[in-house]
Amino acid sequence: MEMNGELRLNNAEKEFMTLAYNRFYDIFKEIREDSFWKKEPWYRFSRIKEGFAVYSELLNYEPIKWVIEHIKKSRPPMEAEIGSRLFKFIRNVISHFPFYDCWDEVWINKQIINWHKEGQAIDGFLQKYSGHDVIKYRFWEQDKKKMTYLSINFPAEYKKETKIFLKDILSEKEGVIFSYILMKQILDTQVEK
């Protein structure tokens, strides 16, 4: 609800946002620790999945949608799509195809994506972005005094039997750390300092 030009949360929104933000920040803090990346792959995957799921739910909050729109106009090309559509795609893949125990195992193809119905979110994303140019990023980890480079690789093709591995789109460690940093930057726009 909007009052005097400000958005005010109702009680349900406040409760949801508090739970969601707390959960996301807890997972963010955990994945930023070097020790997290030494844990079993299935454990890392379960925590990574939770963070993407929480973030995807928060993308439904209207002011976060405004932030995504602002990013489209003011940030480098594709950053808004990465911060919304790509991250939601990853969440959808790991939620709708819960057959895998770790990030590097996750694969999909057109046939299994559309086993029930064509034109859903995952299918639409791949129809639109397959063949898109590689996007290169770098990010500075202040606490580690380290610059990390990564690439986001959209599938070259989207065909019935062509396996598309999540690890080929986004690497587990660097890709997930980057994803969480970008997600946190977007979510932080709604937090009073």
# chains A, B, ... in the order shown; residues from 1 in each chain; ligands from 1

call {"tool": "residues_around", "arguments": {"residues": "region 189-192 of chain A", "least_positions_apart": "5", "cutoff": "8 Å", "atoms": "only C-alpha atoms", "output": "PyMOL selection string"}}
result
chain A and resi 63-64+67

call {"tool": "write_last_selection", "arguments": {"atoms": "C-alpha atoms", "output": "short mmCIF file (atom, residue, chain, number, x, y, z; two decimals), in the first residue's frame"}}
result
data_model
loop_
_atom_site.label_atom_id
_atom_site.label_comp_id
_atom_site.auth_asym_id
_atom_site.auth_seq_id
_atom_site.Cartn_x
_atom_site.Cartn_y
_atom_site.Cartn_z
CA PRO A 63 9.57 -2.40 -5.48
CA ILE A 64 12.10 -5.07 -6.50
CA VAL A 67 14.72 -1.94 -9.25
#

call {"tool": "closest_atom_pairs", "arguments": {"of": "region 18-111 of chain A", "to": "region 161-175 of chain A", "cutoff": "6 Å", "atoms": "only C-alpha atoms", "output": "tab-separated table"}}
result
residue	atom	partner	partner_atom	distance
A:Asp104	CA	A:Lys167	CA	5.3
A:Val106	CA	A:Leu166	CA	5.6
A:Trp107	CA	A:Phe165	CA	4.2
A:Ile108	CA	A:Ile164	CA	5.3
A:Asn109	CA	A:Lys163	CA	5.0

call {"tool": "write_last_selection", "arguments": {"atoms": "all heavy atoms", "output": "short mmCIF file (atom, residue, chain, number, x, y, z; two decimals), in the first residue's frame"}}
result
data_model
loop_
_atom_site.label_atom_id
_atom_site.label_comp_id
_atom_site.auth_asym_id
_atom_site.auth_seq_id
_atom_site.Cartn_x
_atom_site.Cartn_y
_atom_site.Cartn_z
N ASP A 104 26.85 -29.71 -10.71
CA ASP A 104 27.47 -30.18 -11.95
C ASP A 104 26.69 -31.29 -12.65
O ASP A 104 26.93 -31.56 -13.82
CB ASP A 104 28.91 -30.65 -11.69
CG ASP A 104 29.86 -29.48 -11.45
OD1 ASP A 104 29.44 -28.31 -11.60
OD2 ASP A 104 31.02 -29.74 -11.09
N VAL A 106 23.28 -31.28 -13.00
CA VAL A 106 22.00 -30.77 -13.51
C VAL A 106 22.06 -30.55 -15.02
O VAL A 106 22.87 -29.78 -15.52
CB VAL A 106 21.60 -29.45 -12.81
CG1 VAL A 106 20.27 -28.93 -13.36
CG2 VAL A 106 21.53 -29.63 -11.31
N TRP A 107 21.16 -31.25 -15.72
CA TRP A 107 21.01 -31.03 -17.15
C TRP A 107 19.54 -31.12 -17.52
O TRP A 107 18.73 -31.76 -16.82
CB TRP A 107 21.84 -32.02 -17.99
CG TRP A 107 21.39 -33.45 -17.88
CD1 TRP A 107 21.86 -34.37 -17.00
CD2 TRP A 107 20.38 -34.10 -18.65
NE1 TRP A 107 21.21 -35.57 -17.18
CE2 TRP A 107 20.29 -35.42 -18.19
CE3 TRP A 107 19.54 -33.70 -19.70
CZ2 TRP A 107 19.40 -36.36 -18.73
CZ3 TRP A 107 18.64 -34.62 -20.24
CH2 TRP A 107 18.59 -35.93 -19.76
N ILE A 108 19.21 -30.46 -18.60
CA ILE A 108 17.85 -30.48 -19.15
C ILE A 108 17.97 -30.54 -20.66
O ILE A 108 19.05 -30.32 -21.22
CB ILE A 108 17.04 -29.23 -18.73
CG1 ILE A 108 17.84 -27.96 -19.05
CG2 ILE A 108 16.66 -29.29 -17.26
CD1 ILE A 108 17.12 -26.66 -18.78
N ASN A 109 16.87 -30.85 -21.32
CA ASN A 109 16.80 -30.72 -22.77
C ASN A 109 15.36 -30.36 -23.12
O ASN A 109 14.47 -30.37 -22.26
CB ASN A 109 17.30 -31.97 -23.51
CG ASN A 109 16.45 -33.20 -23.25
OD1 ASN A 109 15.26 -33.13 -22.98
ND2 ASN A 109 17.07 -34.37 -23.34
#

call {"tool": "closest_residue", "arguments": {"among": "A:Cys102, A:Leu86, A:Ile152, A:Ile113", "to": "Pro41 (chain A)", "atoms": "only C-alpha atoms"}}
result
A:Cys102

call {"tool": "select_by_dssp", "arguments": {"residues": "region 46-180 of chain A", "states": "helix (DSSP H, G or I)", "output": "PyMOL selection string"}}
result
chain A and resi 46-58+62-74+79-96+103-105+110-113+121-129+142-144+166-169+173-180

call {"tool": "atom_distance", "arguments": {"atom1": "CA of Ile68 (chain A)", "atom2": "CA of Phe178 (chain A)"}}
result
16.9 Å

call {"tool": "closest_residue", "arguments": {"among": "A:Asp26, A:Leu9, A:Thr18, A:Arg138", "to": "Lys184 (chain A)", "atoms": "only C-alpha atoms"}}
result
A:Asp26

call {"tool": "atom_distance", "arguments": {"atom1": "CA of Lys29 (chain A)", "atom2": "CA of Asp101 (chain A)"}}
result
22.1 Å

call {"tool": "atom_distance", "arguments": {"atom1": "CA of Tyr158 (chain A)", "atom2": "CA of His132 (chain A)"}}
result
11.4 Å

call {"tool": "closest_residue", "arguments": {"among": "A:Lys39, A:Ile90, A:Lys65, A:Tyr137", "to": "Pro77 (chain A)", "atoms": "only C-alpha atoms"}}
result
A:Tyr137

call {"tool": "select_by_dssp", "arguments": {"residues": "region 124-173 of chain A", "states": "strand (DSSP E or B)", "output": "count of residues only"}}
result
16

call {"tool": "closest_residue", "arguments": {"among": "A:Phe154, A:Asn10, A:Ile181, A:Ser95", "to": "Phe139 (chain A)", "atoms": "only C-alpha atoms"}}
result
A:Ile181

call {"tool": "residues_around", "arguments": {"residues": "Tyr129 (chain A)", "least_positions_apart": "6", "cutoff": "12 Å", "atoms": "only C-alpha atoms", "output": "PyMOL selection string"}}
result
chain A and resi 78+81-82+85-86+89+122-123+135+152-158+169

call {"tool": "closest_residue", "arguments": {"among": "A:Leu58, A:Lys159, A:Ala20, A:Pro98", "to": "Gly83 (chain A)", "atoms": "only C-alpha atoms"}}
result
A:Leu58

call {"tool": "closest_residue", "arguments": {"among": "A:Ile71, A:Ile186, A:Val93, A:Val176", "to": "Gly51 (chain A)", "atoms": "only C-alpha atoms"}}
result
A:Val176
